[in-house]
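Visitor: Encoded as structure tokens, here's the structure I'll be asking about.
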Amino acid sequence: METAHPIARRRAELRETLHGRGMRMTPQRQLVLDALLELEHATPEQVCHHVQRTTPTVNITTVYRTLELLEELSVIRHTHLGHGAPTYSVDGHEHVHLVCHRCGRVDETDIEVMSELCGTLRAAHGFALDATHLALSGTCEPCTRAKAAENTQRAQEGQA
């Protein structure tokens with residue numbers, strides 16, 4: 001049995017979700033969803049720039065309204081990777097973001113790294129953590145190495 005292309009499948013799911021709620025698939029909604037499917041993670045501004053490459057008449061207000069609607073329908077979700085605009089992705093794209101607060105680098109890791117914490121929180125507090133789209137702040141490996149090298153150099157200069 002042939003599997004539908006992921007973008008085509010997600011389009012069909014969105015169309016069904018919208019029709020089930022008495023709404024229709026507008027060209028703008030389709031463009032925003034397609035942009036997210038292609039970009040995987042994007043801020044509203046990035047989505048808008050992507051959409052405007054083919055349809056320059058779509059403005060940022062339309063993008064924000066569409067993102068809000070798609071999130072209400074549980075088709076997409078957002079997370080905050082820092083102090084800027086939220087980053088959106090298609091629901092089902094589950095992982096933990098590792099955000100370096102030194103250089104801004106964003107890496108992804110499987111949500112399984114959170115399983116022990118999820119179990120601890122549930123046992124200790126009855127709290128069910130949704131770790132499917134989470135951002136953790138810290139320092140990436142290159143920045144950690146650079147900081148260690150800086151500290152070593154300072155220590156050596158202090159001894160000279």
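Going by the structure tokens order, chains are called A, B, ..., each with residues numbered from 1, while ligands are numbered from 1 in the order shown.
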Determine, using only C-alpha atoms, which residues of region 102-154 of chain A have any atom at most 12 Å from an atom of region 39-58 of chain A, and tabulate each with its shortest atom pair and distance in Å to one decimal place, rows ordered by chain and then rising number, as a tab-separated table.

Guide:
```
residue	atom	partner	partner_atom	distance
A:Val106	CA	A:His41	CA	10.9
A:Asp107	CA	A:His41	CA	11.8
A:Glu108	CA	A:His41	CA	11.3
A:His133	CA	A:His41	CA	11.2
```

Visitor: Leaving out Arg29 (chain A) and any residue of its chain fewer than 3 positions from it, which residues lie within 9 Å of it when counting only C-alpha atoms, given as a list in words?

Guide: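 Here the answer would be Met25, Thr26, Val32, Leu33, Asp34, Thr62, Val63, Thr66, Leu67 and Leu70 of chain A.
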
Visitor: Would you write out those residues with N, CA and C atoms, as an mmCIF file, in the first residue's frame?

Guide:
```cif
data_model
loop_
_atom_site.group_PDB
_atom_site.id
_atom_site.type_symbol
_atom_site.label_atom_id
_atom_site.label_comp_id
_atom_site.auth_asym_id
_atom_site.auth_seq_id
_atom_site.Cartn_x
_atom_site.Cartn_y
_atom_site.Cartn_z
ATOM 1 N N MET A 25 -10.847 25.430 3.796
ATOM 2 C CA MET A 25 -9.423 25.592 3.564
ATOM 3 C C MET A 25 -9.242 26.770 2.618
ATOM 4 N N THR A 26 -8.744 27.870 3.150
ATOM 5 C CA THR A 26 -8.490 29.040 2.304
ATOM 6 C C THR A 26 -7.083 28.923 1.725
ATOM 7 N N VAL A 32 0.243 28.910 4.719
ATOM 8 C CA VAL A 32 0.887 28.928 6.039
ATOM 9 C C VAL A 32 1.220 27.502 6.477
ATOM 10 N N LEU A 33 0.304 26.582 6.306
ATOM 11 C CA LEU A 33 0.575 25.199 6.665
ATOM 12 C C LEU A 33 1.723 24.634 5.833
ATOM 13 N N ASP A 34 1.701 24.887 4.540
ATOM 14 C CA ASP A 34 2.776 24.395 3.671
ATOM 15 C C ASP A 34 4.126 24.974 4.094
ATOM 16 N N THR A 62 -2.346 38.234 8.616
ATOM 17 C CA THR A 62 -2.964 36.999 8.131
ATOM 18 C C THR A 62 -2.203 35.792 8.653
ATOM 19 N N VAL A 63 -0.880 35.863 8.652
ATOM 20 C CA VAL A 63 -0.059 34.751 9.143
ATOM 21 C C VAL A 63 -0.338 34.506 10.624
ATOM 22 N N THR A 66 -3.778 32.975 11.113
ATOM 23 C CA THR A 66 -3.790 31.589 10.643
ATOM 24 C C THR A 66 -3.051 30.680 11.618
ATOM 25 N N LEU A 67 -1.904 31.130 12.122
ATOM 26 C CA LEU A 67 -1.159 30.337 13.106
ATOM 27 C C LEU A 67 -2.006 30.121 14.360
ATOM 28 N N LEU A 70 -4.707 27.519 13.516
ATOM 29 C CA LEU A 70 -4.129 26.182 13.379
ATOM 30 C C LEU A 70 -3.721 25.611 14.730
#
```

Visitor: Rank A:Arg65, A:Arg102, A:His83, A:Arg24 by their smallest atom-to-atom distance to Lys147 (chain A), using only C-alpha atoms, and report the top residue only.

Guide: A:Arg102

Visitor: Residues of chain A in strand (DSSP E or B) according to DSSP, as a PyMOL selection string?

Guide: chain A and resi 42+76-79+87-90+95-100+106-109+133-138

Visitor: Excluding Ala131 (chain A) and its own-chain neighbours fewer than 3 positions away, which residues fall within 7 Å of it when counting only C-alpha atoms? Please give them as number ranges by chain.

Guide: A: 96, 111, 114, 134

Visitor: Have a look at CA of Thr87 (chain A) and CA of Ala8 (chain A) and let me know their distance in Å, one decimal.

Guide: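 A separation of 22.4 Å between them.
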